[in-house]
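I have placed the structure first, in the form of structure tokens, so that the comments after it can refer back to it.
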Amino acid sequence: MTTNDVTLIATAAMGLETLVKSEVMDLGYTDVKSENGKITYKADYKGIARSNLWLRTADRVKLLVGEFNAYSFDELFEQTKALPWEDWLPEDAFIHVVGKSHKSTLYSVPDCQSIVKKAIVSRLQDQYKVYTNLEESGVRYKIEVAILKDKVTMTIDTTGAGLHKRGYRIEQGEAPLKQTLAASLVKLTNWTPDQPFVDPFTGSGTIAIEAALIGQNIAPGFNREFAAEEWDFLPPNIWDEALEEAEDLANYDQPLDIQGFDVDHRAIEMAQNNSLEAGLADLVKWKQMNVKDFKPQTDVGYLVGNPPYGERLKDRPEVESIYNALGGIMKDYPKWSVYVMTSHEDFEKHYGTSASKKRKLFNGFIKTDYYQFFGKKK
């Protein structure tokens with residue numbers, strides 16, 4: 001196997017595929033294909049490390065082992081066994097198979113997982129000439145069998161804990177925003193690091209922290225470990241080189257004007273602690289403040305927020321008054337661009353003006369709209 005011979009799949013939340021594709025291409029990979037929920041691309045071994053370190057908006061990075069059609073358990077077994085598992089898995093690999101099946105003849109996921117595990121073990125026994133049970137005392141390899149319309153995709157997870165787990169969020173509130181989604185909210189604006197950035201509903205600080213990481217071009221995965229770091233077939237130097245590259249590309253001297261406000265003083269304490277853990281120290285200014293008291297200090301800037309949605313009926317009047325107050329404040333600052341994510345369908349009515357653009361996004365399982373109000377050009 002050559003070091004250029006890997007196909008990677010970066011998985012994406014619904015609606016974020018174009019962002020993930022653009023990030024993959026920014027890493028220099030050109031053979032890129034976008035489908036629902038995933039971006040497939042060719043890379044070398046180093047691409048496994050670089051993708052995990054740099055992809056801000058992807059959920060995880062998987063290594064593609066093979067694809068085929070299967071309509072019976074026999075076919076699933078034989079075609080799984082035909083794949084070169086010994087290229088990836090050592091003799092003592094701890095094999096953990098997970099699965100999913102959608103609109104396929106083989107719909108029993110537990111049966112599919114069991115058959116795939118048997119087929120992989122059988123292949124490794126043949127290749128390593130082991131005629132007893134495999135010990136499985138080594139590194140854990142999480143293998144996924146995904147069947148969609150009878151097409152089977154076999155992957156190994158390179159990431160471990162999802163990419164949203166950056167390693168800096170030591171404290172969080174009740175409904176924390178995933179870091180990958182927070183980064184997406186920032187990337188979906190055309191903010192640049194030389195412009196003011198405000199999140200007036202900062203919670204545990206995630207949007208403002210992600211903006212700071214983007215602003216200084218800090219790799220989001222610099223503060224954590226990944227499953228593939230333990231893999232035998234990967235040269236350990238690829239991780240050192242990828243971290244060195246990330247260090248070289250970070251622009252720690254970039255001045256930033258990023259602020260996070262929240263009405264709850266406990267949220268501000270959490271945000272400060274998380275920001276410190278992310279290595280951002282005093283880069284983000286935090287302040288306890290009601291959004292109704294917010295007054296922009298500059299003519300031009302960006303406001304990005306994930307306010308309360310008013311999911312419970314009794315919370316609606318208060319939430320609607322927040323939207324109304326924000327709209328009233330921002331109409332006096334026409335050069336500011338405002339981006340708000342909420343599931344409240346009457347947001348524009350309460351805000352007082354129609355969005356320049358709307359984008360459907362999912363916050364966990366909640367269907368939301370990302371309302372984008374573009375500031376007037378200078």
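In the structure tokens, chains take letters A, B, ... by order of appearance, with residues numbered from 1 within each chain and ligands from 1 in the order shown.
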(request) Name the residues of segment 200-344 of chain A that fall into alpha helix (DSSP H) according to DSSP on the backbone, using the chain letters and numbers of this document, as a PyMOL selection string. (result) chain A and resi 206-215+237-249+265-277+316-330
Can you check which parts of segment 207-231 of chain A lie within 6 Å of segment 40-63 of chain A? Per residue, the shortest pair of atoms and distance in Å to one decimal, counting only C-alpha atoms, sorted by chain and number, as a Markdown table.
| residue | atom | partner | partner_atom | distance |
| --- | --- | --- | --- | --- |
| A:Ala219 | CA | A:Trp54 | CA | 5.0 |
| A:Pro220 | CA | A:Trp54 | CA | 5.9 |
| A:Gly221 | CA | A:Leu53 | CA | 4.2 |
(request) Fewer than 5 positions away in the same chain doesn't count, so skip those; otherwise give me all residues within 6 Å of segment 185-202 of chain A, counting only C-alpha atoms, as a list in words. (result)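 Result of the neighbour search: Gly215, Asp257, Ile258, Gln259, Gly260, Phe261, Asp262, Val291, Gly301, Tyr302, Leu303, Val304, Gly305 and Pro307 of chain A.
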(request) Apply DSSP to the backbone of this structure and, from segment 40-258 of chain A, keep only the residues in strand (DSSP E or B); write these as a ChimeraX atom specification. (result) /A:40-43,60-69,94-102,140-148,151-157,197-199,258
File dump, residues just selected, C-alpha atoms, as an mmCIF file, in the first residue's frame:
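Output below, filename part_28.cif:
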data_model
loop_
_atom_site.group_PDB
_atom_site.id
_atom_site.type_symbol
_atom_site.label_atom_id
_atom_site.label_comp_id
_atom_site.auth_asym_id
_atom_site.auth_seq_id
_atom_site.Cartn_x
_atom_site.Cartn_y
_atom_site.Cartn_z
ATOM 1 C CA THR A 40 -15.367 11.877 0.277
ATOM 2 C CA TYR A 41 -11.810 12.696 -0.777
ATOM 3 C CA LYS A 42 -8.434 11.157 -1.565
ATOM 4 C CA ALA A 43 -5.522 11.885 0.745
ATOM 5 C CA ARG A 60 -15.767 13.094 12.234
ATOM 6 C CA VAL A 61 -13.249 11.653 9.746
ATOM 7 C CA LYS A 62 -13.535 8.031 8.606
ATOM 8 C CA LEU A 63 -11.179 5.880 6.571
ATOM 9 C CA LEU A 64 -12.947 4.105 3.699
ATOM 10 C CA VAL A 65 -12.062 0.392 3.549
ATOM 11 C CA GLY A 66 -14.452 -0.624 0.760
ATOM 12 C CA GLU A 67 -17.895 -0.420 -0.842
ATOM 13 C CA PHE A 68 -20.081 -3.095 -2.443
ATOM 14 C CA ASN A 69 -23.716 -4.156 -2.886
ATOM 15 C CA PHE A 94 -9.825 -4.909 19.392
ATOM 16 C CA ILE A 95 -12.607 -4.888 16.776
ATOM 17 C CA HIS A 96 -15.710 -2.877 17.633
ATOM 18 C CA VAL A 97 -18.357 -2.995 14.879
ATOM 19 C CA VAL A 98 -21.244 -0.510 14.749
ATOM 20 C CA GLY A 99 -23.871 -0.323 12.031
ATOM 21 C CA LYS A 100 -26.843 1.341 10.378
ATOM 22 C CA SER A 101 -29.183 0.298 7.602
ATOM 23 C CA HIS A 102 -31.673 2.351 5.591
ATOM 24 C CA ARG A 140 -9.593 -0.426 19.581
ATOM 25 C CA TYR A 141 -10.716 0.003 15.962
ATOM 26 C CA LYS A 142 -14.275 1.230 15.542
ATOM 27 C CA ILE A 143 -15.584 -0.163 12.253
ATOM 28 C CA GLU A 144 -18.886 0.973 10.771
ATOM 29 C CA VAL A 145 -21.034 -1.023 8.358
ATOM 30 C CA ALA A 146 -23.447 1.459 6.755
ATOM 31 C CA ILE A 147 -26.043 0.077 4.324
ATOM 32 C CA LEU A 148 -28.049 2.471 2.172
ATOM 33 C CA LYS A 151 -24.982 -0.450 -0.958
ATOM 34 C CA VAL A 152 -22.578 -1.304 1.875
ATOM 35 C CA THR A 153 -19.900 1.179 2.975
ATOM 36 C CA MET A 154 -17.183 -0.078 5.330
ATOM 37 C CA THR A 155 -15.210 2.512 7.269
ATOM 38 C CA ILE A 156 -12.887 2.794 10.267
ATOM 39 C CA ASP A 157 -13.359 5.821 12.514
ATOM 40 C CA PHE A 197 -17.692 40.503 16.509
ATOM 41 C CA VAL A 198 -20.375 40.215 19.209
ATOM 42 C CA ASP A 199 -22.407 37.309 20.607
ATOM 43 C CA ILE A 258 -14.595 39.789 20.013
#
(message) Using Å and a single decimal, report how far atom CA of Ile9 of chain A sits from atom CA of Glu35 of chain A.
(response) 10.3 Å
(message) Can you tell me which residues surround segment 84-92 of chain A at a distance of at most 9 Å, considering only C-alpha atoms, apart from same-chain residues fewer than 4 positions away, and format the answer as an MDAnalysis selection string?
(response) chainID A and resid 1 65:66 80 120 123:125 127:128 130 134:139 141 156 231:233
(request) Mind giving me the straight-line distance from atom CA of Ile209 of chain A to atom CA of Ser275 of chain A in Å, one decimal? (result)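 Separating atom CA of Ile209 of chain A from atom CA of Ser275 of chain A is a distance of 6.3 Å.
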(message) Could you list, as JSON, numbers by chain, every residue within 12 Å of Lys335 of chain A, counting only C-alpha atoms and ignoring same-chain residues fewer than 4 positions away?
(response) {"A": [195, 196, 296, 298, 299, 300, 301, 302, 303, 330, 331, 373, 374, 375, 376, 377, 378]}
File dump, residues just selected, N, CA, C and O atoms, as a compact mmCIF listing (two decimals), in the first residue's frame:
# COMPACT_ATOMS: atom_id res chain seq x y z
N GLN A 195 -12.63 42.87 11.98
CA GLN A 195 -13.90 43.55 12.26
C GLN A 195 -14.45 43.13 13.63
O GLN A 195 -14.24 42.01 14.07
N PRO A 196 -15.20 44.04 14.29
CA PRO A 196 -15.80 43.69 15.59
C PRO A 196 -16.79 42.53 15.45
O PRO A 196 -17.49 42.42 14.44
N PRO A 296 -23.93 48.93 20.18
CA PRO A 296 -22.67 48.79 19.44
C PRO A 296 -21.80 50.03 19.60
O PRO A 296 -22.31 51.16 19.63
N THR A 298 -19.21 50.64 17.51
CA THR A 298 -18.63 50.96 16.20
C THR A 298 -19.75 51.02 15.16
O THR A 298 -20.84 50.47 15.38
N ASP A 299 -19.46 51.68 14.04
CA ASP A 299 -20.47 51.79 12.97
C ASP A 299 -20.69 50.46 12.26
O ASP A 299 -21.77 50.18 11.76
N VAL A 300 -19.61 49.68 12.16
CA VAL A 300 -19.63 48.45 11.38
C VAL A 300 -19.25 47.29 12.29
O VAL A 300 -18.40 47.43 13.16
N GLY A 301 -19.88 46.13 12.10
CA GLY A 301 -19.52 44.97 12.89
C GLY A 301 -20.43 43.79 12.58
O GLY A 301 -21.30 43.87 11.70
N TYR A 302 -20.22 42.71 13.33
CA TYR A 302 -20.97 41.47 13.13
C TYR A 302 -21.55 41.01 14.45
O TYR A 302 -20.83 40.94 15.45
N LEU A 303 -22.83 40.69 14.45
CA LEU A 303 -23.48 40.11 15.61
C LEU A 303 -23.95 38.71 15.22
O LEU A 303 -24.67 38.55 14.23
N MET A 330 -30.66 47.25 16.58
CA MET A 330 -29.82 47.10 15.39
C MET A 330 -30.30 47.93 14.19
O MET A 330 -29.51 48.18 13.29
N LYS A 331 -31.55 48.38 14.23
CA LYS A 331 -32.01 49.20 13.09
C LYS A 331 -31.29 50.56 13.06
O LYS A 331 -31.21 51.21 12.02
N PHE A 373 -29.02 39.03 8.21
CA PHE A 373 -29.33 40.42 7.85
C PHE A 373 -28.01 41.09 7.47
O PHE A 373 -27.18 41.34 8.34
N PHE A 374 -27.81 41.32 6.19
CA PHE A 374 -26.53 41.86 5.73
C PHE A 374 -26.47 43.36 5.96
O PHE A 374 -27.41 44.09 5.62
N GLY A 375 -25.35 43.83 6.54
CA GLY A 375 -25.17 45.27 6.78
C GLY A 375 -24.97 46.01 5.46
O GLY A 375 -24.46 45.46 4.48
N LYS A 376 -25.41 47.25 5.46
CA LYS A 376 -25.21 48.09 4.27
C LYS A 376 -23.73 48.35 4.08
O LYS A 376 -23.00 48.55 5.04
N LYS A 377 -23.32 48.38 2.82
CA LYS A 377 -21.92 48.65 2.52
C LYS A 377 -21.60 50.10 2.89
O LYS A 377 -22.45 50.96 2.77
N LYS A 378 -20.34 50.29 3.28
CA LYS A 378 -19.93 51.64 3.69
C LYS A 378 -20.10 52.61 2.52
O LYS A 378 -19.89 52.26 1.39
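In this model, the gap between atom CA of Thr158 of chain A and atom CA of Phe226 of chain A comes to 6.8 Å.
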(message) Give me the residues near Ala161 of chain A as a list in words, where near means some atom within 9 Å (using only C-alpha atoms) and where sequence neighbours in that chain fewer than 2 positions away do not count.
(response) Arg60, Thr159, Leu163, His164, Lys165, Glu225, Phe226 and Ala227 of chain A
Since we have the selection now, will you write its residues out, keeping C-alpha atoms, as a compact mmCIF listing (two decimals), in the first residue's frame?
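File again_33.txt, as written:
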# COMPACT_ATOMS: atom_id res chain seq x y z
CA ARG A 60 -15.77 13.09 12.23
CA THR A 159 -11.51 10.49 15.14
CA LEU A 163 -14.77 16.57 16.34
CA HIS A 164 -17.09 18.90 18.26
CA LYS A 165 -15.25 17.83 21.41
CA GLU A 225 -6.27 13.36 20.95
CA PHE A 226 -7.67 11.19 18.15
CA ALA A 227 -8.33 7.44 17.81
(message) I'd like the contact shell of segment 105-110 of chain A - 7 Å cut-off, only C-alpha atoms, skipping same-chain residues fewer than 6 positions apart - returned as a PyMOL selection string.
(response) chain A and resi 71-72+99+150
